[in-house]
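Participant: If it helps, the file is called entry28.txt and holds compact mmCIF, C-alpha atoms:
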```txt
# COMPACT_ATOMS: atom_id res chain seq x y z
CA MET A 107 27.49 -19.03 3.24
CA THR A 108 31.24 -18.60 2.79
CA LEU A 109 33.29 -16.32 5.01
CA LEU A 110 33.91 -14.00 2.04
CA ASN A 111 30.21 -13.72 1.19
CA ARG A 112 29.36 -13.04 4.82
CA ALA A 113 31.99 -10.30 4.94
CA LEU A 114 30.60 -8.76 1.74
CA LEU A 115 27.11 -8.77 3.21
CA ILE A 116 28.30 -7.08 6.39
CA VAL A 117 30.18 -4.40 4.43
CA THR A 118 27.15 -3.87 2.17
CA PHE A 119 24.80 -3.58 5.14
CA PHE A 120 27.13 -1.21 7.01
CA SER A 121 27.59 1.00 3.96
CA PHE A 122 23.87 0.96 3.26
CA SER A 123 23.03 1.88 6.87
CA VAL A 124 25.49 4.77 6.98
CA SER A 125 24.24 6.00 3.63
CA ALA A 126 20.64 5.76 4.79
CA GLN A 127 21.39 7.78 7.90
CA THR A 128 23.30 10.55 6.10
CA GLN A 129 21.21 10.91 2.95
CA GLN A 130 17.64 11.01 4.25
CA CYS A 131 17.63 14.80 4.17
CA GLU A 132 18.83 14.90 0.57
CA PRO A 133 16.53 14.47 -2.46
CA TRP A 134 15.03 10.98 -2.61
CA GLN A 135 16.72 9.33 -5.57
CA GLY A 136 14.26 6.43 -5.71
CA TRP A 137 11.36 8.87 -6.08
CA GLN A 138 13.19 10.76 -8.83
CA VAL A 139 13.72 7.52 -10.75
CA PHE A 140 10.04 6.60 -10.35
CA LYS A 141 8.94 10.04 -11.55
CA ASN A 142 11.24 9.95 -14.54
CA HIS A 143 10.08 6.54 -15.76
CA PHE A 144 6.47 6.11 -14.67
CA ILE A 145 4.90 9.58 -14.36
CA SER A 146 4.08 11.75 -17.34
CA ASP A 147 4.63 15.50 -17.31
CA GLU A 148 0.85 15.84 -16.87
CA GLY A 149 0.86 13.77 -13.66
CA ARG A 150 -0.33 10.41 -14.95
CA VAL A 151 1.25 7.27 -13.44
CA ILE A 152 1.65 4.77 -16.29
CA ASP A 153 1.86 1.00 -15.88
CA LEU A 154 4.51 0.51 -18.55
CA GLY A 155 4.02 -2.50 -20.79
CA SER A 156 0.37 -3.02 -19.88
CA LYS A 157 -1.91 -3.86 -22.79
CA GLN A 158 -3.69 -0.51 -22.87
CA ASN A 159 -0.93 1.58 -21.30
CA ILE A 160 -3.16 1.84 -18.26
CA THR A 161 -3.28 4.19 -15.32
CA THR A 162 -5.05 3.14 -12.13
CA SER A 163 -6.34 5.12 -9.20
CA GLU A 164 -4.00 2.92 -7.16
CA GLY A 165 -0.98 4.27 -9.01
CA GLN A 166 -2.16 7.85 -8.58
CA SER A 167 -2.79 7.34 -4.87
CA TYR A 168 0.62 5.82 -4.16
CA ALA A 169 2.36 8.55 -6.15
CA LEU A 170 0.64 11.20 -4.03
CA PHE A 171 1.97 9.52 -0.89
CA PHE A 172 5.51 9.27 -2.27
CA ALA A 173 5.46 12.91 -3.40
CA LEU A 174 4.48 13.93 0.12
CA VAL A 175 7.22 11.81 1.69
CA ALA A 176 9.67 13.40 -0.77
CA ASN A 177 8.43 16.92 0.03
CA ASP A 178 7.70 17.34 -3.68
CA LYS A 179 4.68 19.64 -3.64
CA ALA A 180 4.87 20.45 -7.35
CA ALA A 181 4.59 16.77 -8.27
CA PHE A 182 1.85 16.25 -5.67
CA ASP A 183 -0.29 18.98 -7.22
CA THR A 184 0.31 17.74 -10.76
CA ILE A 185 -0.66 14.17 -9.85
CA LEU A 186 -3.70 15.40 -7.92
CA ASP A 187 -4.85 17.60 -10.79
CA TRP A 188 -4.57 14.78 -13.34
CA THR A 189 -6.44 12.39 -11.04
CA GLN A 190 -9.25 14.87 -10.51
CA GLU A 191 -9.56 15.84 -14.16
CA HIS A 192 -9.42 12.37 -15.74
CA LEU A 193 -10.62 9.91 -13.10
CA SER A 194 -13.21 12.05 -11.31
CA GLU A 195 -14.67 14.00 -14.23
CA GLY A 196 -13.09 17.20 -12.98
CA ASP A 197 -14.16 17.11 -9.34
CA LEU A 198 -12.93 14.69 -6.66
CA SER A 199 -15.45 16.11 -4.23
CA THR A 200 -18.41 14.88 -6.28
CA ARG A 201 -17.11 11.63 -7.77
CA LEU A 202 -14.81 8.96 -6.41
CA PRO A 203 -12.05 8.31 -8.97
CA ALA A 204 -12.54 5.62 -11.59
CA TRP A 205 -10.31 2.62 -11.08
CA GLN A 206 -8.78 2.31 -14.56
CA TRP A 207 -7.94 4.65 -17.43
CA GLY A 208 -6.07 4.00 -20.68
CA LYS A 209 -6.29 3.45 -24.42
CA THR A 210 -9.87 2.99 -25.60
CA GLY A 211 -9.02 2.88 -29.31
CA ASN A 212 -6.23 3.55 -31.78
CA ASP A 213 -6.02 7.26 -31.02
CA THR A 214 -8.31 7.67 -28.01
CA THR A 215 -7.92 7.38 -24.26
CA GLY A 216 -10.38 7.47 -21.41
CA ILE A 217 -11.93 5.59 -18.50
CA LEU A 218 -11.81 1.82 -18.97
CA ASP A 219 -13.51 0.86 -15.69
CA SER A 220 -15.53 3.51 -13.86
CA ASN A 221 -15.97 1.52 -10.64
CA PRO A 222 -13.84 3.15 -7.89
CA ALA A 223 -11.33 1.12 -5.84
CA SER A 224 -11.78 1.78 -2.13
CA ASP A 225 -8.15 1.19 -1.15
CA SER A 226 -6.98 3.82 -3.63
CA ASP A 227 -9.63 6.21 -2.39
CA LEU A 228 -8.39 5.70 1.18
CA TRP A 229 -4.79 6.44 0.18
CA ILE A 230 -5.78 9.58 -1.74
CA ALA A 231 -7.82 10.89 1.18
CA TYR A 232 -5.04 9.99 3.64
CA SER A 233 -2.30 11.68 1.59
CA LEU A 234 -4.45 14.79 1.23
CA SER A 235 -5.16 14.89 4.97
CA GLN A 236 -1.46 14.64 5.82
CA ALA A 237 -0.44 17.11 3.12
CA ALA A 238 -2.89 19.59 4.63
CA ILE A 239 -1.07 19.33 7.96
CA LEU A 240 2.50 19.20 6.66
CA TRP A 241 2.18 21.88 3.98
CA ASP A 242 -0.50 23.93 5.76
CA GLU A 243 -2.93 23.80 2.83
CA ARG A 244 -6.58 24.14 3.82
CA ARG A 245 -7.90 23.04 0.40
CA TYR A 246 -6.27 19.64 0.89
CA SER A 247 -7.99 19.32 4.26
CA ILE A 248 -11.41 20.13 2.80
CA LEU A 249 -11.00 17.69 -0.08
CA ALA A 250 -9.73 14.94 2.25
CA ALA A 251 -12.77 15.34 4.52
CA VAL A 252 -15.19 15.20 1.58
CA LEU A 253 -13.48 12.10 0.18
CA ALA A 254 -13.55 10.43 3.59
CA GLN A 255 -17.29 11.07 3.80
CA ARG A 256 -17.87 9.61 0.34
CA ILE A 257 -15.81 6.51 1.17
CA MET A 258 -17.83 5.96 4.31
CA ARG A 259 -21.12 6.50 2.49
CA GLU A 260 -20.45 4.68 -0.78
CA GLU A 261 -17.82 2.01 -0.04
CA THR A 262 -18.77 0.50 3.31
CA ALA A 263 -21.50 -1.81 4.55
CA TYR A 264 -22.62 -2.98 7.96
CA ILE A 265 -22.26 -6.77 7.85
CA SER A 266 -23.88 -8.89 10.55
CA GLY A 267 -21.23 -10.66 12.63
CA LEU A 268 -18.40 -8.52 11.28
CA GLY A 269 -19.53 -4.92 11.69
CA LEU A 270 -18.86 -1.85 9.57
CA THR A 271 -16.69 -3.12 6.73
CA LEU A 272 -14.86 -1.62 3.77
CA LEU A 273 -16.09 -3.01 0.45
CA PRO A 274 -13.57 -3.19 -2.40
CA ALA A 275 -15.80 -0.91 -4.52
CA PRO A 276 -19.29 0.57 -4.46
CA ALA A 277 -20.58 -2.19 -6.74
CA GLY A 278 -19.79 -5.80 -7.60
CA PHE A 279 -18.78 -7.30 -4.26
CA GLU A 280 -22.09 -7.95 -2.53
CA PHE A 281 -24.01 -11.12 -3.39
CA GLU A 282 -27.24 -12.83 -2.41
CA ASN A 283 -27.75 -14.23 1.10
CA ASN A 284 -25.75 -11.36 2.65
CA THR A 285 -22.52 -12.67 1.12
CA TYR A 286 -19.55 -10.40 0.42
CA LYS A 287 -16.16 -10.63 -1.28
CA LEU A 288 -13.50 -8.79 0.71
CA ASN A 289 -9.81 -7.93 0.40
CA PRO A 290 -7.59 -7.77 3.54
CA SER A 291 -4.93 -5.69 1.76
CA TYR A 292 -7.38 -2.83 1.18
CA SER A 293 -7.27 -1.79 4.84
CA PRO A 294 -4.12 -0.11 6.19
CA LEU A 295 -5.16 0.14 9.82
CA PHE A 296 -3.17 3.33 10.44
CA ILE A 297 -5.35 5.21 7.95
CA TYR A 298 -8.46 4.30 9.95
CA GLN A 299 -6.72 5.41 13.14
CA GLN A 300 -5.87 8.78 11.63
CA PHE A 301 -9.38 9.29 10.29
CA SER A 302 -10.78 8.39 13.71
CA LYS A 303 -8.73 11.26 15.07
CA LEU A 304 -9.49 13.74 12.28
CA TYR A 305 -13.19 12.91 11.96
CA PRO A 306 -14.27 11.85 15.47
CA ASN A 307 -17.99 12.10 14.69
CA SER A 308 -17.75 9.47 11.93
CA PRO A 309 -17.57 5.69 12.59
CA TRP A 310 -13.97 5.20 11.48
CA GLN A 311 -13.08 3.39 14.70
CA GLN A 312 -15.77 0.81 13.94
CA LEU A 313 -14.24 0.32 10.51
CA HIS A 314 -10.82 -0.07 12.15
CA GLU A 315 -12.03 -2.84 14.45
CA ALA A 316 -13.83 -4.81 11.73
CA SER A 317 -10.82 -4.49 9.42
CA ALA A 318 -8.45 -5.76 12.11
CA LYS A 319 -10.73 -8.76 12.56
CA LEU A 320 -10.74 -9.35 8.81
CA ILE A 321 -6.94 -9.33 8.60
CA LEU A 322 -6.33 -11.48 11.67
CA ASP A 323 -9.10 -14.03 11.19
CA THR A 324 -8.21 -14.72 7.55
CA ALA A 325 -4.52 -15.34 8.30
CA LYS A 326 -4.70 -17.92 11.09
CA ASN A 327 -1.98 -20.02 9.45
CA GLY A 328 0.40 -17.09 9.20
CA VAL A 329 -0.31 -15.92 5.65
CA SER A 330 -2.95 -13.66 4.19
CA PRO A 331 -5.16 -14.39 1.15
CA ASP A 332 -5.71 -11.97 -1.71
CA TRP A 333 -9.48 -12.35 -1.39
CA VAL A 334 -11.99 -13.96 0.96
CA MET A 335 -15.73 -14.52 1.09
CA TYR A 336 -17.83 -13.69 4.13
CA SER A 337 -21.39 -14.36 5.19
CA PRO A 338 -22.97 -14.24 8.66
CA ALA A 339 -23.87 -17.92 8.31
CA LYS A 340 -20.42 -19.20 7.26
CA GLY A 341 -18.03 -16.55 8.50
CA PHE A 342 -14.88 -16.25 6.38
CA TYR A 343 -14.47 -18.90 3.71
CA HIS A 344 -12.96 -19.54 0.28
CA ASN A 345 -14.52 -20.73 -2.98
CA ASN A 346 -13.96 -20.33 -6.71
CA LYS A 347 -14.75 -16.61 -6.46
CA ALA A 348 -12.12 -16.11 -3.79
CA THR A 349 -9.55 -18.87 -3.40
CA ASP A 350 -7.14 -19.03 -0.48
CA LEU A 351 -4.26 -17.90 -2.73
CA GLY A 352 -2.20 -14.97 -1.45
CA SER A 353 0.08 -13.13 -3.86
CA TYR A 354 0.06 -9.70 -5.48
CA ASN A 355 -2.65 -8.31 -3.21
CA ALA A 356 -1.68 -10.04 0.02
CA ILE A 357 1.92 -8.83 -0.08
CA ARG A 358 0.58 -5.42 0.95
CA VAL A 359 -0.96 -6.79 4.15
CA TYR A 360 2.52 -7.46 5.55
CA LEU A 361 3.81 -4.14 4.22
CA TRP A 362 1.05 -2.07 5.85
CA ALA A 363 1.48 -3.96 9.13
CA SER A 364 5.22 -3.23 9.15
CA MET A 365 4.55 0.51 8.66
CA MET A 366 2.49 0.68 11.86
CA ALA A 367 4.00 2.15 15.03
CA GLU A 368 5.15 -0.34 17.64
CA ASP A 369 2.49 0.93 20.05
CA ALA A 370 -0.31 1.03 17.47
CA PRO A 371 -3.42 -1.08 18.19
CA TYR A 372 -3.07 -4.65 16.87
CA LYS A 373 0.61 -4.22 15.98
CA THR A 374 1.71 -6.96 18.39
CA GLN A 375 -1.00 -9.37 17.24
CA LEU A 376 -0.14 -8.84 13.58
CA SER A 377 3.56 -9.29 14.21
CA GLU A 378 2.91 -12.60 15.99
CA GLN A 379 0.38 -13.70 13.36
CA PHE A 380 2.83 -13.41 10.49
CA SER A 381 5.80 -15.04 12.23
CA PRO A 382 5.28 -18.35 10.35
CA PHE A 383 5.51 -16.50 7.05
CA LEU A 384 8.79 -14.87 8.06
CA GLU A 385 10.12 -18.26 9.13
CA ALA A 386 9.23 -19.63 5.69
CA ILE A 387 11.08 -16.73 4.06
CA ASN A 388 14.18 -17.40 6.15
CA SER A 389 14.14 -21.10 5.36
CA ARG A 390 13.73 -20.46 1.63
CA GLY A 391 16.03 -17.46 1.42
CA TYR A 392 13.49 -15.37 -0.49
CA VAL A 393 9.88 -14.17 -0.36
CA PRO A 394 7.57 -16.66 -2.11
CA LEU A 395 5.22 -15.70 -4.90
CA ASN A 396 2.24 -17.69 -3.65
CA THR A 397 0.93 -18.53 -0.21
CA TYR A 398 -2.17 -20.51 0.76
CA ALA A 399 -4.15 -19.25 3.72
CA SER A 400 -5.90 -22.56 4.44
CA SER A 401 -2.65 -24.46 4.94
CA GLY A 402 0.08 -21.85 5.34
CA LYS A 403 2.04 -23.43 2.49
CA THR A 404 4.25 -21.32 0.22
CA GLN A 405 5.19 -21.78 -3.41
CA LYS A 406 7.55 -20.36 -6.07
CA ARG A 407 9.86 -17.37 -5.93
CA GLY A 408 8.32 -13.91 -5.73
CA PRO A 409 9.47 -10.94 -7.82
CA VAL A 410 11.99 -8.44 -6.52
CA GLY A 411 9.25 -6.11 -5.26
CA PHE A 412 7.96 -8.80 -2.90
CA ASN A 413 11.38 -9.03 -1.28
CA ALA A 414 11.60 -5.24 -0.93
CA ALA A 415 8.13 -5.09 0.62
CA LEU A 416 9.13 -7.49 3.40
CA LEU A 417 12.30 -5.61 4.38
CA PRO A 418 10.71 -3.61 7.24
CA MET A 419 9.01 -6.64 8.78
CA LEU A 420 12.14 -8.79 8.51
CA LYS A 421 14.14 -5.99 10.16
CA GLU A 422 11.59 -5.76 12.99
CA LYS A 423 12.07 -9.46 13.64
CA GLY A 424 15.85 -9.09 13.74
CA ASP A 425 16.43 -11.11 10.57
CA ASP A 426 19.48 -9.02 9.66
CA SER A 427 21.15 -11.58 7.41
CA GLN A 428 18.02 -11.87 5.28
CA VAL A 429 17.67 -8.08 5.16
CA MET A 430 21.29 -7.74 4.07
CA ALA A 431 20.90 -10.41 1.39
CA ILE A 432 17.81 -8.72 -0.08
CA GLN A 433 19.45 -5.30 -0.01
CA GLN A 434 22.48 -6.65 -1.82
CA LYS A 435 20.29 -8.06 -4.59
CA LEU A 436 18.42 -4.76 -4.89
CA MET A 437 21.70 -2.89 -5.24
CA VAL A 438 23.08 -5.25 -7.90
CA ASP A 439 20.17 -5.04 -10.36
CA LYS A 440 18.00 -1.93 -10.36
CA SER A 441 16.62 -2.33 -13.89
CA PHE A 442 13.15 -3.07 -12.50
CA THR A 443 12.95 0.50 -11.13
CA ARG A 444 12.71 1.74 -14.73
CA THR A 445 10.38 -0.83 -16.24
CA ARG A 446 8.14 -2.57 -13.67
CA TYR A 447 5.53 -0.38 -12.01
CA TYR A 448 4.30 -2.61 -9.17
CA ASP A 449 7.75 -3.86 -8.17
CA SER A 450 8.88 -0.25 -8.09
CA VAL A 451 5.97 0.76 -5.86
CA LEU A 452 6.64 -2.05 -3.39
CA ASN A 453 10.32 -1.16 -3.37
CA LEU A 454 9.64 2.52 -2.66
CA PHE A 455 7.35 1.65 0.23
CA GLY A 456 9.60 -1.05 1.68
CA SER A 457 12.93 0.74 1.35
CA SER A 458 11.68 4.13 2.59
CA ALA A 459 9.97 2.54 5.59
CA LEU A 460 13.12 0.55 6.39
CA ASN A 461 15.35 3.60 6.08
CA LYS A 462 13.02 5.72 8.26
CA ARG A 463 12.44 8.24 5.49
CA PHE A 464 9.03 8.43 7.14
CA SER A 465 7.31 7.02 10.19
CA ILE A 466 3.66 6.71 11.18
CA SER A 467 2.63 7.30 14.77
CA ALA A 468 0.18 5.14 16.72
CA ASP A 469 -2.68 7.46 15.82
CA GLY A 470 -1.82 7.27 12.12
CA THR A 471 -0.07 10.63 11.77
CA LEU A 472 2.52 10.66 8.97
CA LYS A 473 5.95 12.00 9.97
CA PRO A 474 8.28 12.38 7.00
CA MET A 475 11.94 12.82 7.80
CA TRP A 476 11.97 16.23 6.10
CA SER A 477 9.40 17.56 8.56
CA THR A 478 11.40 16.60 11.67
CA GLU A 479 15.13 15.80 11.61
CA CYS A 480 15.85 17.64 8.37
CA ARG A 481 14.62 21.07 9.46
```
Can the structure in the file be given as structure tokens, please?
Facilitator:
Amino acid sequence: MTLLNRALLIVTFFSFSVSAQTQQCEPWQGWQVFKNHFISDEGRVIDLGSKQNITTSEGQSYALFFALVANDKAAFDTILDWTQEHLSEGDLSTRLPAWQWGKTGNDTTGILDSNPASDSDLWIAYSLSQAAILWDERRYSILAAVLAQRIMREETAYISGLGLTLLPAPAGFEFENNTYKLNPSYSPLFIYQQFSKLYPNSPWQQLHEASAKLILDTAKNGVSPDWVMYSPAKGFYHNNKATDLGSYNAIRVYLWASMMAEDAPYKTQLSEQFSPFLEAINSRGYVPLNTYASSGKTQKRGPVGFNAALLPMLKEKGDDSQVMAIQQKLMVDKSFTRTRYYDSVLNLFGSSALNKRFSISADGTLKPMWSTECR
């Protein structure tokens, strides 16, 4: 790196840091851009460019979280209402939201896949539980508790040798011979911690422990897979149903880990576990698209959202030059924030966590900047 480029990076980083410190109490521009380009007036998060102009429960769940972090109650209610009406047949308390909605014909829209997605359900319940506290809304609290009960009842299984485990959906992931297909990125550990606190008579702590084991034991070479198989006889393993590839799902494992408080359970272990991945990023100069859990190898260049998602973890490790380089690239070309849904989501999570727009305590309590320093 030339002396001029290094100086530009330092100036960019300094300007970015000052801006981040002084603007956190002002309206969140990144959220406004996301709303303007991906969320309809009715509250539907649209994956632009997808074949059937789809909406997923994932998109709705993340948008609820961002609206809460932005202190945008009007948007939160609109997104919640659309989710309830269209994905849960009018009542979230009686039906977990369908995973996918979109064009069903030339002039018709509706549910494309009615199977719920457990990670989205967790994020919806979590955002509702935190909104209830931050905005003092009892109806959010009631709905969060009901959703949490349904998740526990419909989307978990007790698996011999692993314990109480989150299934990716109520159906389709359990096979003969007590074999299961699991997804490490579906389990933000801080959500389980918060639910353990809010619902102490439910076995959320058991789910937390089994999920931590899932994440750690499937990433022994420093990188996480998108999917993994498990059976009591074989333990964790990969096959043609769940290869050792880590990519668009696995990127969230590192993101969720970086959002945990420093004194949260398993934070230290996770930070140490993923050190080889961060070393690979530093040696390459970018976040790779593909990783392979069985070998730890990395391959190809990941999209811009992958780089944004790793910002908090790189910062935690003191990789300031890499953080500065990624931030500079994000500032130069922001076109993806208007056209690419998933990259935009990863960027909103990564940048807001890095800039301390919110923090999450060891027990999983969400602390947006607006609720503390900005009062």
Participant: Write out as CSV the residues of segment 356-388 of chain A that have any atom within 10 Å of an atom of segment 394-399 of chain A, one row each with the nearest atom pair and its distance in Å to one decimal, counting only C-alpha atoms, sorted by chain and then rising number.
Facilitator:
```
residue,atom,partner,partner_atom,distance
A:Ala356,CA,A:Thr397,CA,8.9
A:Ile357,CA,A:Leu395,CA,9.0
A:Phe383,CA,A:Thr397,CA,8.8
A:Ala386,CA,A:Pro394,CA,8.5
A:Ile387,CA,A:Pro394,CA,7.1
```
Participant: What is the distance between atom CA of Ser465 of chain A and atom CA of Gln428 of chain A, in Å to one decimal?
Facilitator: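 Straight-line distance from atom CA of Ser465 of chain A to atom CA of Gln428 of chain A works out to 22.3 Å.
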Participant: Which of these residues is nearest to Gly411 of chain A, using all atoms listed in the file: A:Phe342, A:Tyr372, A:Phe279, A:Tyr354?
Facilitator: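 Nearest candidate to Gly411 of chain A out of A:Phe342, A:Tyr372, A:Phe279, A:Tyr354: A:Tyr354.
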Participant: Using Å and a single decimal, report how far atom CA of Val393 of chain A sits from atom CA of Arg407 of chain A.
Facilitator: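 Distance reported for this atom pair: 6.4 Å.
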Participant: To one decimal place, how far is atom CA of Tyr360 of chain A from atom CA of Glu164 of chain A in Å?
Facilitator: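 For atom CA of Tyr360 of chain A relative to atom CA of Glu164 of chain A, the distance reads 17.7 Å.
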Participant: Using only C-alpha atoms, which protein or nucleic acid residues come within 10 Å of segment 208-214 of chain A? Drop anything in the same chain fewer than 4 positions from it, and give the result as a list in words.
Facilitator: Ile152, Asp153, Ser156, Lys157, Gln158, Asn159, Ile160, Thr161, Thr162, Leu218 and Asp219 of chain A
Participant: Tell me, as a PDB file with C-alpha atoms, keeping the file's coordinate frame, which residues lie within 9 Å of Val334 of chain A, counting all atoms listed in the file; anything in the same chain fewer than 4 positions away does not count.
Facilitator:
```pdb
ATOM      1  CA  TYR A 286     -19.550 -10.400   0.420  1.00  0.00           C
ATOM      2  CA  LYS A 287     -16.160 -10.630  -1.280  1.00  0.00           C
ATOM      3  CA  LEU A 288     -13.500  -8.790   0.710  1.00  0.00           C
ATOM      4  CA  ASN A 289      -9.810  -7.930   0.400  1.00  0.00           C
ATOM      5  CA  PRO A 290      -7.590  -7.770   3.540  1.00  0.00           C
ATOM      6  CA  THR A 324      -8.210 -14.720   7.550  1.00  0.00           C
ATOM      7  CA  PHE A 342     -14.880 -16.250   6.380  1.00  0.00           C
ATOM      8  CA  TYR A 343     -14.470 -18.900   3.710  1.00  0.00           C
ATOM      9  CA  HIS A 344     -12.960 -19.540   0.280  1.00  0.00           C
ATOM     10  CA  ASN A 345     -14.520 -20.730  -2.980  1.00  0.00           C
ATOM     11  CA  LYS A 347     -14.750 -16.610  -6.460  1.00  0.00           C
ATOM     12  CA  ALA A 348     -12.120 -16.110  -3.790  1.00  0.00           C
ATOM     13  CA  THR A 349      -9.550 -18.870  -3.400  1.00  0.00           C
ATOM     14  CA  ASP A 350      -7.140 -19.030  -0.480  1.00  0.00           C
TER      15      ASP A 350
END
```
Participant: Contacts of segment 253-255 of chain A at 8 Å or less, counting all atoms listed in the file, minus same-chain residues fewer than 5 places along, as a PyMOL selection string?
Facilitator: chain A and resi 198-199+202+227-228+231+301
Participant: Next, write the just-selected residues to a file, as a PDB file, in the frame of the given file, keeping C-alpha atoms as the atom set.
Facilitator:
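After the write, out_6.pdb holds the following:
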```pdb
ATOM      1  CA  LEU A 198     -12.930  14.690  -6.660  1.00  0.00           C
ATOM      2  CA  SER A 199     -15.450  16.110  -4.230  1.00  0.00           C
ATOM      3  CA  LEU A 202     -14.810   8.960  -6.410  1.00  0.00           C
ATOM      4  CA  ASP A 227      -9.630   6.210  -2.390  1.00  0.00           C
ATOM      5  CA  LEU A 228      -8.390   5.700   1.180  1.00  0.00           C
ATOM      6  CA  ALA A 231      -7.820  10.890   1.180  1.00  0.00           C
ATOM      7  CA  PHE A 301      -9.380   9.290  10.290  1.00  0.00           C
TER       8      PHE A 301
END
```
Participant: Can you work out which one of A:Thr184, A:Asn177, A:Gln433, A:Asn413 has the shortest atom-to-atom distance to Val151 of chain A, counting all atoms listed in the file?
Facilitator: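 Among the listed residues, the smallest separation from Val151 of chain A belongs to A:Thr184.
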Participant: Using all atoms listed in the file, find the one residue out of A:Leu376, A:Leu322, A:Leu240, A:Ala181 that sits nearest to Asp147 of chain A.
Facilitator: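 Checking each of A:Leu376, A:Leu322, A:Leu240, A:Ala181 against Asp147 of chain A, counting all atoms listed in the file, the winner is A:Ala181.
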Participant: Determine the nearest neighbour of Pro276 of chain A from the options A:Ser224, A:Ser401, A:Ser302, A:Thr443, counting only C-alpha atoms.
Facilitator: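 Among the listed residues, A:Ser224 lies closest to Pro276 of chain A.
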